[in-house]
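Below: final_27.csv (CSV, C-alpha atoms)
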chain,number,residue,atom,x,y,z
A,315,ALA,CA,6.8,22.6,7.5
A,316,LYS,CA,8.4,23.8,4.2
A,317,MET,CA,7.2,20.8,2.3
A,318,GLN,CA,3.7,21.2,3.8
A,319,SER,CA,3.5,24.9,2.8
A,320,ALA,CA,4.8,24.1,-0.7
A,321,LEU,CA,2.3,21.4,-1.2
A,322,GLU,CA,-0.6,23.6,-0.1
A,323,ARG,CA,0.6,26.3,-2.5
A,324,ALA,CA,0.8,23.8,-5.3
A,325,ILE,CA,-2.7,22.6,-4.6
A,326,SER,CA,-4.0,26.2,-4.6
A,327,ASN,CA,-2.0,27.2,-7.7
A,328,GLU,CA,-3.4,24.3,-9.6
A,329,LYS,CA,-7.0,25.2,-8.4
A,330,LEU,CA,-7.5,21.8,-6.9
A,331,GLY,CA,-9.0,23.1,-3.6
A,332,LYS,CA,-12.5,22.0,-4.5
A,333,TYR,CA,-11.4,18.4,-4.8
A,334,VAL,CA,-9.6,18.6,-1.5
A,335,LYS,CA,-12.8,20.0,0.2
A,336,ARG,CA,-14.9,17.3,-1.4
A,337,ARG,CA,-12.3,14.7,-0.2
A,338,GLN,CA,-11.8,13.6,-3.8
A,339,LEU,CA,-8.1,14.3,-3.7
A,340,ALA,CA,-5.5,13.1,-1.3
A,341,VAL,CA,-1.8,13.8,-1.5
A,342,ALA,CA,1.1,12.7,0.5
A,343,LEU,CA,4.8,13.4,-0.1
A,344,GLY,CA,7.7,11.8,1.5
A,345,ASP,CA,11.3,12.9,0.9
A,346,LEU,CA,13.3,9.7,1.4
A,347,SER,CA,16.7,11.2,0.5
A,348,ASP,CA,17.7,11.0,4.2
A,349,ALA,CA,16.8,7.6,5.6
A,350,ASP,CA,17.2,8.8,9.2
A,351,SER,CA,14.8,11.7,8.8
A,352,VAL,CA,11.9,11.4,6.4
A,353,ALA,CA,10.3,14.7,5.5
A,354,TYR,CA,6.6,14.5,5.1
A,355,ALA,CA,3.7,16.6,3.9
A,356,GLY,CA,0.1,15.6,3.3
A,357,ILE,CA,-3.4,16.9,2.4
A,358,ASN,CA,-6.4,14.6,3.1
A,359,ASP,CA,-3.7,12.0,3.7
A,360,ASN,CA,-5.8,10.0,6.2
A,361,VAL,CA,-8.8,9.8,3.9
A,362,MET,CA,-9.5,6.2,2.8
A,363,MET,CA,-10.1,6.1,-0.9
A,364,TYR,CA,-10.6,3.5,-3.6
A,365,ALA,CA,-7.1,2.9,-4.9
A,366,ALA,CA,-7.4,0.4,-7.9
A,367,SER,CA,-4.0,-1.3,-8.3
A,368,LEU,CA,-2.0,0.6,-5.7
A,369,PRO,CA,-2.9,-2.0,-3.0
A,370,LYS,CA,-1.1,-4.7,-4.9
A,371,ILE,CA,1.9,-3.5,-2.9
A,372,ALA,CA,0.1,-5.0,0.1
A,373,VAL,CA,-0.2,-8.3,-1.7
A,374,LEU,CA,3.5,-8.2,-2.4
A,375,LEU,CA,4.3,-7.6,1.3
A,376,ALA,CA,1.9,-10.4,2.4
A,377,VAL,CA,3.6,-12.9,0.1
A,378,ALA,CA,7.1,-11.9,1.2
A,379,ASN,CA,6.0,-12.1,4.8
A,380,ALA,CA,4.5,-15.6,4.2
A,381,VAL,CA,7.6,-16.9,2.4
A,382,ASP,CA,9.9,-15.5,5.2
A,383,SER,CA,7.8,-17.2,7.9
A,384,GLY,CA,7.8,-20.5,6.0
A,385,LYS,CA,4.1,-20.6,5.3
A,386,ILE,CA,4.7,-20.8,1.5
A,387,ALA,CA,7.7,-21.8,-0.6
A,388,TRP,CA,9.6,-19.4,-2.8
A,389,SER,CA,9.9,-20.5,-6.4
A,390,ASP,CA,10.6,-19.1,-9.8
A,391,GLU,CA,6.8,-19.0,-10.4
A,392,VAL,CA,6.3,-16.9,-7.3
A,393,GLN,CA,9.1,-14.5,-8.5
A,394,GLN,CA,7.7,-14.3,-12.0
A,395,ARG,CA,4.1,-13.7,-10.9
A,396,LEU,CA,5.0,-11.1,-8.3
A,397,THR,CA,7.2,-9.2,-10.8
A,398,SER,CA,4.4,-9.3,-13.3
A,399,MET,CA,1.9,-8.1,-10.7
A,400,ILE,CA,4.0,-5.1,-9.8
A,401,VAL,CA,5.7,-4.2,-13.1
A,402,GLN,CA,2.9,-4.9,-15.5
A,403,SER,CA,0.1,-4.4,-12.9
A,404,SER,CA,-1.2,-7.9,-13.9
A,405,ASN,CA,-4.6,-8.5,-12.3
A,406,GLU,CA,-4.3,-12.2,-13.1
A,407,ASP,CA,-1.1,-12.5,-11.1
A,408,ALA,CA,-2.4,-10.3,-8.3
A,409,SER,CA,-5.4,-12.6,-8.0
A,410,TRP,CA,-3.1,-15.6,-8.0
A,411,ALA,CA,-0.9,-14.1,-5.2
A,412,THR,CA,-4.0,-13.0,-3.3
A,413,ASP,CA,-5.3,-16.6,-3.4
A,414,LEU,CA,-1.8,-17.8,-2.3
A,415,VAL,CA,-1.8,-15.9,1.0
A,416,GLY,CA,-5.6,-15.4,1.4
A,417,LEU,CA,-7.4,-12.2,2.3
A,418,ALA,CA,-7.0,-12.9,6.0
A,419,GLY,CA,-3.3,-13.3,5.5
A,420,ILE,CA,-3.1,-9.9,3.7
A,421,GLU,CA,-5.2,-8.3,6.4
A,422,GLY,CA,-3.0,-9.8,9.1
A,423,THR,CA,0.1,-8.5,7.5
A,424,LEU,CA,-1.3,-5.0,7.1
A,425,ARG,CA,-2.5,-4.9,10.8
A,426,ASP,CA,0.8,-6.4,12.0
A,427,PRO,CA,2.4,-4.1,14.6
A,428,ARG,CA,5.7,-4.3,12.8
A,429,TYR,CA,4.1,-2.4,9.9
A,430,CYS,CA,0.9,-0.7,11.1
A,431,LEU,CA,-0.3,-0.2,7.5
A,432,TYR,CA,-4.0,-0.4,8.5
A,433,ASP,CA,-5.9,0.7,11.5
A,434,ASN,CA,-9.6,0.9,12.4
A,435,THR,CA,-9.5,4.7,12.8
A,436,TYR,CA,-8.1,5.9,9.5
A,437,GLY,CA,-7.8,2.8,7.4
A,438,GLY,CA,-4.6,2.5,5.3
A,439,LEU,CA,-3.7,-0.1,2.7
A,440,TRP,CA,-6.5,-2.6,2.1
A,441,VAL,CA,-7.1,-5.6,-0.2
A,442,GLY,CA,-10.6,-7.1,0.2
A,443,ARG,CA,-10.9,-9.1,-3.0
A,444,ALA,CA,-8.7,-10.7,-5.6
A,445,TYR,CA,-8.3,-8.6,-8.8
A,446,ARG,CA,-11.0,-10.5,-10.7
A,447,SER,CA,-14.8,-10.6,-10.6
A,448,GLY,CA,-16.4,-12.9,-8.1
A,449,GLY,CA,-14.8,-14.8,-5.3
A,450,GLU,CA,-14.3,-14.1,-1.6
A,451,VAL,CA,-14.9,-10.5,-0.4
A,452,ASN,CA,-13.5,-8.9,2.8
A,453,ARG,CA,-14.5,-5.2,2.6
A,454,ASP,CA,-12.6,-2.7,4.6
A,455,PRO,CA,-14.5,-2.8,8.0
A,456,ARG,CA,-14.7,1.0,8.4
A,457,PHE,CA,-15.1,2.4,4.9
A,458,GLY,CA,-16.4,-0.5,2.9
A,459,VAL,CA,-13.8,-0.4,0.0
A,460,MET,CA,-12.4,-3.5,-1.5
A,461,HIS,CA,-9.1,-2.0,-2.9
A,462,GLY,CA,-8.3,1.1,-0.8
A,463,ALA,CA,-5.5,3.2,0.6
A,464,THR,CA,-4.8,6.4,2.4
A,465,ALA,CA,-2.0,8.5,1.0
A,466,ARG,CA,-0.3,8.5,4.4
A,467,GLN,CA,0.0,4.8,4.7
A,468,SER,CA,1.1,4.5,1.0
A,469,VAL,CA,4.0,6.8,1.8
A,470,ARG,CA,4.6,4.8,5.1
A,471,PHE,CA,5.0,1.6,3.0
A,472,PHE,CA,7.5,3.2,0.6
A,473,SER,CA,9.4,4.9,3.5
A,474,MET,CA,9.7,1.5,5.3
A,475,LEU,CA,10.7,-0.2,2.1
A,476,ALA,CA,13.4,2.4,1.4
A,477,ARG,CA,14.8,1.9,5.0
A,478,ASP,CA,14.8,-1.9,4.8
A,479,LYS,CA,12.0,-2.2,7.4
A,480,LEU,CA,9.6,-4.5,5.5
A,481,VAL,CA,10.0,-8.1,6.5
A,482,THR,CA,13.9,-8.1,6.5
A,483,PRO,CA,16.5,-6.0,4.8
A,484,GLU,CA,16.9,-8.8,2.2
A,485,TRP,CA,13.2,-8.9,1.5
A,486,SER,CA,13.0,-5.1,1.3
A,487,GLU,CA,15.8,-5.1,-1.3
A,488,ARG,CA,14.0,-7.9,-3.3
A,489,MET,CA,10.7,-6.0,-3.2
A,490,ARG,CA,12.4,-2.8,-4.4
A,491,GLY,CA,13.8,-4.9,-7.3
Output the structure of this file as C-alpha coordinates.
Amino acid sequence: AKMQSALERAISNEKLGKYVKRRQLAVALGDLSDADSVAYAGINDNVMMYAASLPKIAVLLAVANAVDSGKIAWSDEVQQRLTSMIVQSSNEDASWATDLVGLAGIEGTLRDPRYCLYDNTYGGLWVGRAYRSGGEVNRDPRFGVMHGATARQSVRFFSMLARDKLVTPEWSERMRG
(Lines of atoms letter the chains of each structure in order from A and count residues from 1; the text may use other names and numbers.)
(Lines give C-alpha, C1' and ligand atoms only; values in the text may rest on other atoms or scores of the structure.)
Protein backbone atom coordinates (compact mmCIF):
# COMPACT_ATOMS: atom_id res chain seq x y z
CA ALA A 1 0.00 0.00 0.00
CA LYS A 2 2.88 2.39 0.76
CA MET A 3 4.47 1.72 -2.63
CA GLN A 4 1.13 2.22 -4.39
CA SER A 5 0.54 5.57 -2.64
CA ALA A 6 4.08 6.72 -3.40
CA LEU A 7 3.70 5.75 -7.05
CA GLU A 8 0.39 7.61 -7.35
CA ARG A 9 1.94 10.71 -5.73
CA ALA A 10 4.91 10.56 -8.10
CA ILE A 11 2.61 10.32 -11.14
CA SER A 12 0.62 13.29 -9.84
CA ASN A 13 3.71 15.34 -8.93
CA GLU A 14 5.17 14.83 -12.40
CA LYS A 15 1.83 15.83 -13.95
CA LEU A 16 1.50 12.54 -15.83
CA GLY A 17 -2.15 11.98 -14.96
CA LYS A 18 -3.39 12.87 -18.46
CA TYR A 19 -1.26 10.05 -19.92
CA VAL A 20 -2.62 7.62 -17.34
CA LYS A 21 -6.21 8.63 -18.18
CA ARG A 22 -5.55 8.19 -21.92
CA ARG A 23 -3.95 4.81 -21.17
CA GLN A 24 -0.72 6.01 -22.77
CA LEU A 25 1.32 5.38 -19.63
CA ALA A 26 1.61 2.20 -17.63
CA VAL A 27 3.89 1.73 -14.65
CA ALA A 28 4.62 -1.27 -12.47
CA LEU A 29 7.14 -1.46 -9.67
CA GLY A 30 8.34 -4.57 -7.94
CA ASP A 31 10.60 -4.49 -4.91
CA LEU A 32 12.60 -7.70 -5.26
CA SER A 33 14.81 -7.14 -2.22
CA ASP A 34 12.89 -9.84 -0.27
CA ALA A 35 12.49 -12.88 -2.51
CA ASP A 36 9.80 -14.35 -0.24
CA SER A 37 7.59 -11.25 -0.29
CA VAL A 38 7.66 -9.09 -3.41
CA ALA A 39 6.15 -5.65 -2.84
CA TYR A 40 4.22 -4.39 -5.86
CA ALA A 41 2.55 -1.23 -7.12
CA GLY A 42 1.03 -0.45 -10.49
CA ILE A 43 -0.93 2.03 -12.56
CA ASN A 44 -2.54 0.87 -15.81
CA ASP A 45 -0.45 -2.22 -15.20
CA ASN A 46 -2.87 -4.54 -17.01
CA VAL A 47 -3.05 -2.35 -20.11
CA MET A 48 -1.49 -4.09 -23.12
CA MET A 49 0.85 -1.71 -24.96
CA TYR A 50 3.26 -1.77 -27.85
CA ALA A 51 6.57 -2.56 -26.17
CA ALA A 52 9.28 -2.46 -28.89
CA SER A 53 12.29 -4.46 -27.66
CA LEU A 54 11.06 -5.38 -24.16
CA PRO A 55 9.41 -8.61 -25.42
CA LYS A 56 12.84 -9.92 -26.39
CA ILE A 57 12.87 -11.28 -22.83
CA ALA A 58 10.07 -13.61 -23.95
CA VAL A 59 12.25 -14.85 -26.82
CA LEU A 60 15.07 -15.46 -24.32
CA LEU A 61 12.74 -17.49 -22.10
CA ALA A 62 11.36 -19.51 -25.02
CA VAL A 63 14.86 -20.43 -26.21
CA ALA A 64 15.96 -21.42 -22.69
CA ASN A 65 12.81 -23.49 -22.32
CA ALA A 66 13.39 -25.21 -25.69
CA VAL A 67 17.03 -26.02 -24.86
CA ASP A 68 16.07 -27.36 -21.42
CA SER A 69 13.41 -29.62 -22.94
CA GLY A 70 15.83 -30.90 -25.61
CA LYS A 71 14.02 -29.34 -28.58
CA ILE A 72 17.12 -27.40 -29.61
CA ALA A 73 20.79 -27.77 -28.78
CA TRP A 74 22.79 -25.27 -26.75
CA SER A 75 25.87 -23.96 -28.51
CA ASP A 76 28.34 -21.10 -28.41
CA GLU A 77 26.37 -19.49 -31.25
CA VAL A 78 23.12 -19.63 -29.26
CA GLN A 79 24.90 -18.12 -26.24
CA GLN A 80 26.47 -15.34 -28.32
CA ARG A 81 23.27 -14.46 -30.17
CA LEU A 82 21.09 -14.41 -27.05
CA THR A 83 23.63 -12.22 -25.29
CA SER A 84 23.67 -9.83 -28.23
CA MET A 85 19.86 -9.85 -28.39
CA ILE A 86 19.59 -8.78 -24.74
CA VAL A 87 22.72 -6.70 -24.13
CA GLN A 88 22.86 -4.82 -27.45
CA SER A 89 19.14 -5.25 -28.24
CA SER A 90 20.13 -6.79 -31.58
CA ASN A 91 17.11 -7.15 -33.84
CA GLU A 92 19.06 -9.46 -36.13
CA ASP A 93 19.79 -11.86 -33.29
CA ALA A 94 16.26 -11.54 -31.90
CA SER A 95 14.91 -12.51 -35.34
CA TRP A 96 17.33 -15.44 -35.50
CA ALA A 97 16.21 -16.64 -32.04
CA THR A 98 12.53 -16.13 -32.94
CA ASP A 99 13.02 -18.28 -36.03
CA LEU A 100 14.82 -20.88 -33.92
CA VAL A 101 11.86 -21.51 -31.59
CA GLY A 102 9.03 -20.19 -33.79
CA LEU A 103 6.19 -17.86 -32.91
CA ALA A 104 4.06 -20.79 -31.74
CA GLY A 105 6.89 -21.90 -29.45
CA ILE A 106 7.14 -18.42 -27.94
CA GLU A 107 3.37 -18.21 -27.48
CA GLY A 108 3.31 -21.67 -25.89
CA THR A 109 6.00 -20.67 -23.43
CA LEU A 110 4.22 -17.43 -22.49
CA ARG A 111 0.91 -19.26 -21.96
CA ASP A 112 2.55 -22.14 -20.06
CA PRO A 113 0.89 -22.49 -16.62
CA ARG A 114 4.35 -22.53 -15.02
CA TYR A 115 4.84 -18.92 -16.09
CA CYS A 116 1.39 -17.39 -16.86
CA LEU A 117 3.01 -14.49 -18.72
CA TYR A 118 0.12 -14.11 -21.17
CA ASP A 119 -3.63 -14.57 -20.82
CA ASN A 120 -6.62 -13.76 -23.01
CA THR A 121 -8.11 -11.29 -20.53
CA TYR A 122 -5.28 -8.83 -19.92
CA GLY A 123 -2.58 -9.88 -22.36
CA GLY A 124 0.97 -9.88 -21.01
CA LEU A 125 4.23 -10.45 -22.84
CA TRP A 126 3.78 -11.05 -26.58
CA VAL A 127 6.02 -11.59 -29.59
CA GLY A 128 4.04 -11.87 -32.81
CA ARG A 129 6.74 -11.29 -35.41
CA ALA A 130 10.48 -11.53 -35.73
CA TYR A 131 12.35 -8.25 -35.31
CA ARG A 132 12.65 -7.58 -39.05
CA SER A 133 10.22 -6.57 -41.76
CA GLY A 134 8.22 -9.28 -43.44
CA GLY A 135 7.79 -12.89 -42.44
CA GLU A 136 5.25 -14.74 -40.37
CA VAL A 137 2.90 -12.69 -38.19
CA ASN A 138 0.97 -13.85 -35.12
CA ARG A 139 -0.70 -10.76 -33.66
CA ASP A 140 -1.83 -10.75 -30.08
CA PRO A 141 -5.35 -12.26 -30.32
CA ARG A 142 -7.00 -9.74 -28.01
CA PHE A 143 -5.23 -6.45 -28.71
CA GLY A 144 -3.63 -6.92 -32.13
CA VAL A 145 -0.09 -5.87 -31.20
CA MET A 146 2.97 -7.66 -32.56
CA HIS A 147 5.46 -6.75 -29.81
CA GLY A 148 3.55 -6.01 -26.64
CA ALA A 149 3.57 -6.18 -22.89
CA THR A 150 1.67 -5.23 -19.81
CA ALA A 151 3.68 -3.61 -17.05
CA ARG A 152 2.36 -6.21 -14.59
CA GLN A 153 3.59 -9.21 -16.57
CA SER A 154 6.94 -7.52 -17.19
CA VAL A 155 7.43 -7.23 -13.43
CA ARG A 156 6.19 -10.83 -13.04
CA PHE A 157 8.90 -12.02 -15.46
CA PHE A 158 11.67 -10.24 -13.54
CA SER A 159 10.26 -11.33 -10.18
CA MET A 160 10.24 -14.97 -11.32
CA LEU A 161 13.73 -14.54 -12.76
CA ALA A 162 15.04 -13.11 -9.47
CA ARG A 163 13.52 -16.03 -7.55
CA ASP A 164 14.92 -18.71 -9.93
CA LYS A 165 11.43 -19.65 -11.17
CA LEU A 166 12.06 -19.42 -14.93
CA VAL A 167 12.78 -22.85 -16.43
CA THR A 168 15.21 -24.02 -13.69
CA PRO A 169 17.35 -22.22 -11.12
CA GLU A 170 20.36 -22.78 -13.40
CA TRP A 171 18.57 -21.30 -16.42
CA SER A 172 17.33 -18.36 -14.36
CA GLU A 173 20.92 -17.66 -13.30
CA ARG A 174 22.12 -17.94 -16.91
CA MET A 175 19.38 -15.55 -18.12
CA ARG A 176 20.27 -13.03 -15.42
CA GLY A 177 23.86 -13.16 -16.70
Checklist entry - Looking at all atoms listed in the file, which of A:Gly437, A:Lys385, A:Ala372, A:Asp426 is the one that sits closest to Ala408 in chain A? => result A:Ala372
Item to check | Selection near Leu417 in chain A, 8 Å with only C-alpha atoms, sequence-local residues under 4 positions removed, as a ChimeraX atom specification | outcome: /A:412-413,421,441-443,452
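Among A:Gln393, A:Ser473, A:Tyr432, A:Ala324, the residue with the shortest atom-to-atom distance to Arg456 in chain A, counting only C-alpha atoms, is A:Tyr432.
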Can you list every residue of range 387-466 of chain A that has an atom at most 12 Å from range 484-488 of chain A, with its nearest atom pair and the distance in Å to one decimal, using all atoms listed in the file, ordered by chain then number, as JSON lines?
{"residue": "A:Trp388", "atom": "CA", "partner": "A:Trp485", "partner_atom": "CA", "distance": 11.9}
{"residue": "A:Gln393", "atom": "CA", "partner": "A:Arg488", "partner_atom": "CA", "distance": 9.7}
{"residue": "A:Leu396", "atom": "CA", "partner": "A:Arg488", "partner_atom": "CA", "distance": 10.8}
{"residue": "A:Thr397", "atom": "CA", "partner": "A:Arg488", "partner_atom": "CA", "distance": 10.2}
Checklist entry - What does the distance between CA of Trp440 in chain A and CA of Ala315 in chain A come to in Å, to one decimal place? => result 29.0 Å
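Near Thr423 in chain A, within 8 Å and counting all atoms listed in the file, sit Leu375, Ala376, Asn379, Gly419 and Tyr429 of chain A; same-chain residues fewer than 4 positions away were not included.
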Checklist entry - Contacts of Gly344 in chain A at 12 Å or less, counting all atoms listed in the file, minus same-chain residues fewer than 5 places along, as a ChimeraX atom specification? => result /A:317-318,321,349,351-356,359,465-474,476
Filtering to C-alpha atoms, could you give me those residues as a PDB file, keeping the file's coordinate frame?
ATOM      1  CA  MET A 317       7.200  20.800   2.300  1.00  0.00           C
ATOM      2  CA  GLN A 318       3.700  21.200   3.800  1.00  0.00           C
ATOM      3  CA  LEU A 321       2.300  21.400  -1.200  1.00  0.00           C
ATOM      4  CA  ALA A 349      16.800   7.600   5.600  1.00  0.00           C
ATOM      5  CA  SER A 351      14.800  11.700   8.800  1.00  0.00           C
ATOM      6  CA  VAL A 352      11.900  11.400   6.400  1.00  0.00           C
ATOM      7  CA  ALA A 353      10.300  14.700   5.500  1.00  0.00           C
ATOM      8  CA  TYR A 354       6.600  14.500   5.100  1.00  0.00           C
ATOM      9  CA  ALA A 355       3.700  16.600   3.900  1.00  0.00           C
ATOM     10  CA  GLY A 356       0.100  15.600   3.300  1.00  0.00           C
ATOM     11  CA  ASP A 359      -3.700  12.000   3.700  1.00  0.00           C
ATOM     12  CA  ALA A 465      -2.000   8.500   1.000  1.00  0.00           C
ATOM     13  CA  ARG A 466      -0.300   8.500   4.400  1.00  0.00           C
ATOM     14  CA  GLN A 467       0.000   4.800   4.700  1.00  0.00           C
ATOM     15  CA  SER A 468       1.100   4.500   1.000  1.00  0.00           C
ATOM     16  CA  VAL A 469       4.000   6.800   1.800  1.00  0.00           C
ATOM     17  CA  ARG A 470       4.600   4.800   5.100  1.00  0.00           C
ATOM     18  CA  PHE A 471       5.000   1.600   3.000  1.00  0.00           C
ATOM     19  CA  PHE A 472       7.500   3.200   0.600  1.00  0.00           C
ATOM     20  CA  SER A 473       9.400   4.900   3.500  1.00  0.00           C
ATOM     21  CA  MET A 474       9.700   1.500   5.300  1.00  0.00           C
ATOM     22  CA  ALA A 476      13.400   2.400   1.400  1.00  0.00           C
TER      23      ALA A 476
END
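Taking CA of Val451 in chain A as the reference point, CA of Gln338 in chain A is found at 24.5 Å.
Every protein or nucleic acid residue with an atom no more than 12 Å from Tyr364 in chain A, counting only C-alpha atoms and leaving out same-chain residues fewer than 3 positions away, appears here: A:Arg337, A:Gln338, A:Leu339, A:Ala340, A:Val361, A:Ser367, A:Leu368, A:Pro369, A:Gly437, A:Gly438, A:Leu439, A:Trp440, A:Val441, A:Gly442, A:Arg453, A:Asp454, A:Phe457, A:Gly458, A:Val459, A:Met460, A:His461, A:Gly462, A:Ala463, A:Thr464, A:Ala465.
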Item to check | Computed interatomic separation between CA of Pro483 in chain A and CA of Ser389 in chain A (Å) | outcome: 19.5 Å
With N, CA and C atoms as the target, complete range 371-395 of chain A and hand it back as a PDB file, keeping the file's coordinate frame.
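To be explicit, this is the file written out as out.pdb:
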ATOM      1  N   ILE A 371       0.729  -3.551  -3.712  1.00  0.00           N
ATOM      2  CA  ILE A 371       1.900  -3.500  -2.900  1.00  0.00           C
ATOM      3  C   ILE A 371       1.686  -4.275  -1.564  1.00  0.00           C
ATOM      4  N   ALA A 372       0.438  -4.260  -1.089  1.00  0.00           N
ATOM      5  CA  ALA A 372       0.100  -5.000   0.100  1.00  0.00           C
ATOM      6  C   ALA A 372       0.128  -6.505  -0.118  1.00  0.00           C
ATOM      7  N   VAL A 373      -0.291  -6.922  -1.309  1.00  0.00           N
ATOM      8  CA  VAL A 373      -0.200  -8.300  -1.700  1.00  0.00           C
ATOM      9  C   VAL A 373       1.242  -8.765  -1.734  1.00  0.00           C
ATOM     10  N   LEU A 374       2.082  -7.938  -2.344  1.00  0.00           N
ATOM     11  CA  LEU A 374       3.500  -8.200  -2.400  1.00  0.00           C
ATOM     12  C   LEU A 374       4.102  -8.407  -1.020  1.00  0.00           C
ATOM     13  N   LEU A 375       3.789  -7.502  -0.114  1.00  0.00           N
ATOM     14  CA  LEU A 375       4.300  -7.600   1.300  1.00  0.00           C
ATOM     15  C   LEU A 375       3.786  -8.864   1.939  1.00  0.00           C
ATOM     16  N   ALA A 376       2.514  -9.182   1.778  1.00  0.00           N
ATOM     17  CA  ALA A 376       1.900 -10.400   2.400  1.00  0.00           C
ATOM     18  C   ALA A 376       2.608 -11.649   1.926  1.00  0.00           C
ATOM     19  N   VAL A 377       2.888 -11.723   0.628  1.00  0.00           N
ATOM     20  CA  VAL A 377       3.600 -12.900   0.100  1.00  0.00           C
ATOM     21  C   VAL A 377       4.994 -12.986   0.637  1.00  0.00           C
ATOM     22  N   ALA A 378       5.725 -11.880   0.620  1.00  0.00           N
ATOM     23  CA  ALA A 378       7.100 -11.900   1.200  1.00  0.00           C
ATOM     24  C   ALA A 378       7.090 -12.297   2.623  1.00  0.00           C
ATOM     25  N   ASN A 379       6.140 -11.798   3.373  1.00  0.00           N
ATOM     26  CA  ASN A 379       6.000 -12.100   4.800  1.00  0.00           C
ATOM     27  C   ASN A 379       5.745 -13.635   4.966  1.00  0.00           C
ATOM     28  N   ALA A 380       4.851 -14.183   4.137  1.00  0.00           N
ATOM     29  CA  ALA A 380       4.500 -15.600   4.200  1.00  0.00           C
ATOM     30  C   ALA A 380       5.672 -16.496   3.835  1.00  0.00           C
ATOM     31  N   VAL A 381       6.438 -16.104   2.825  1.00  0.00           N
ATOM     32  CA  VAL A 381       7.600 -16.900   2.400  1.00  0.00           C
ATOM     33  C   VAL A 381       8.651 -16.839   3.560  1.00  0.00           C
ATOM     34  N   ASP A 382       8.888 -15.645   4.093  1.00  0.00           N
ATOM     35  CA  ASP A 382       9.900 -15.500   5.200  1.00  0.00           C
ATOM     36  C   ASP A 382       9.548 -16.318   6.391  1.00  0.00           C
ATOM     37  N   SER A 383       8.259 -16.424   6.688  1.00  0.00           N
ATOM     38  CA  SER A 383       7.800 -17.200   7.900  1.00  0.00           C
ATOM     39  C   SER A 383       7.665 -18.677   7.588  1.00  0.00           C
ATOM     40  N   GLY A 384       7.904 -19.099   6.346  1.00  0.00           N
ATOM     41  CA  GLY A 384       7.800 -20.500   6.000  1.00  0.00           C
ATOM     42  C   GLY A 384       6.437 -21.023   5.686  1.00  0.00           C
ATOM     43  N   LYS A 385       5.464 -20.127   5.568  1.00  0.00           N
ATOM     44  CA  LYS A 385       4.100 -20.600   5.300  1.00  0.00           C
ATOM     45  C   LYS A 385       3.914 -20.968   3.814  1.00  0.00           C
ATOM     46  N   ILE A 386       4.687 -20.367   2.931  1.00  0.00           N
ATOM     47  CA  ILE A 386       4.700 -20.800   1.500  1.00  0.00           C
ATOM     48  C   ILE A 386       6.127 -20.838   1.047  1.00  0.00           C
ATOM     49  N   ALA A 387       6.345 -21.577  -0.021  1.00  0.00           N
ATOM     50  CA  ALA A 387       7.700 -21.800  -0.600  1.00  0.00           C
ATOM     51  C   ALA A 387       7.964 -20.750  -1.672  1.00  0.00           C
ATOM     52  N   TRP A 388       9.190 -20.241  -1.701  1.00  0.00           N
ATOM     53  CA  TRP A 388       9.600 -19.400  -2.800  1.00  0.00           C
ATOM     54  C   TRP A 388       9.956 -20.216  -3.991  1.00  0.00           C
ATOM     55  N   SER A 389       9.589 -19.740  -5.154  1.00  0.00           N
ATOM     56  CA  SER A 389       9.900 -20.500  -6.400  1.00  0.00           C
ATOM     57  C   SER A 389      10.040 -19.475  -7.524  1.00  0.00           C
ATOM     58  N   ASP A 390      10.512 -19.985  -8.655  1.00  0.00           N
ATOM     59  CA  ASP A 390      10.600 -19.100  -9.800  1.00  0.00           C
ATOM     60  C   ASP A 390       9.235 -18.613 -10.251  1.00  0.00           C
ATOM     61  N   GLU A 391       8.200 -19.448 -10.080  1.00  0.00           N
ATOM     62  CA  GLU A 391       6.800 -19.000 -10.400  1.00  0.00           C
ATOM     63  C   GLU A 391       6.403 -17.851  -9.544  1.00  0.00           C
ATOM     64  N   VAL A 392       6.666 -17.947  -8.247  1.00  0.00           N
ATOM     65  CA  VAL A 392       6.300 -16.900  -7.300  1.00  0.00           C
ATOM     66  C   VAL A 392       7.026 -15.581  -7.760  1.00  0.00           C
ATOM     67  N   GLN A 393       8.318 -15.685  -8.016  1.00  0.00           N
ATOM     68  CA  GLN A 393       9.100 -14.500  -8.500  1.00  0.00           C
ATOM     69  C   GLN A 393       8.518 -13.906  -9.722  1.00  0.00           C
ATOM     70  N   GLN A 394       8.243 -14.745 -10.709  1.00  0.00           N
ATOM     71  CA  GLN A 394       7.700 -14.300 -12.000  1.00  0.00           C
ATOM     72  C   GLN A 394       6.373 -13.599 -11.822  1.00  0.00           C
ATOM     73  N   ARG A 395       5.486 -14.217 -11.067  1.00  0.00           N
ATOM     74  CA  ARG A 395       4.100 -13.700 -10.900  1.00  0.00           C
ATOM     75  C   ARG A 395       4.121 -12.380 -10.117  1.00  0.00           C
TER      76      ARG A 395
END
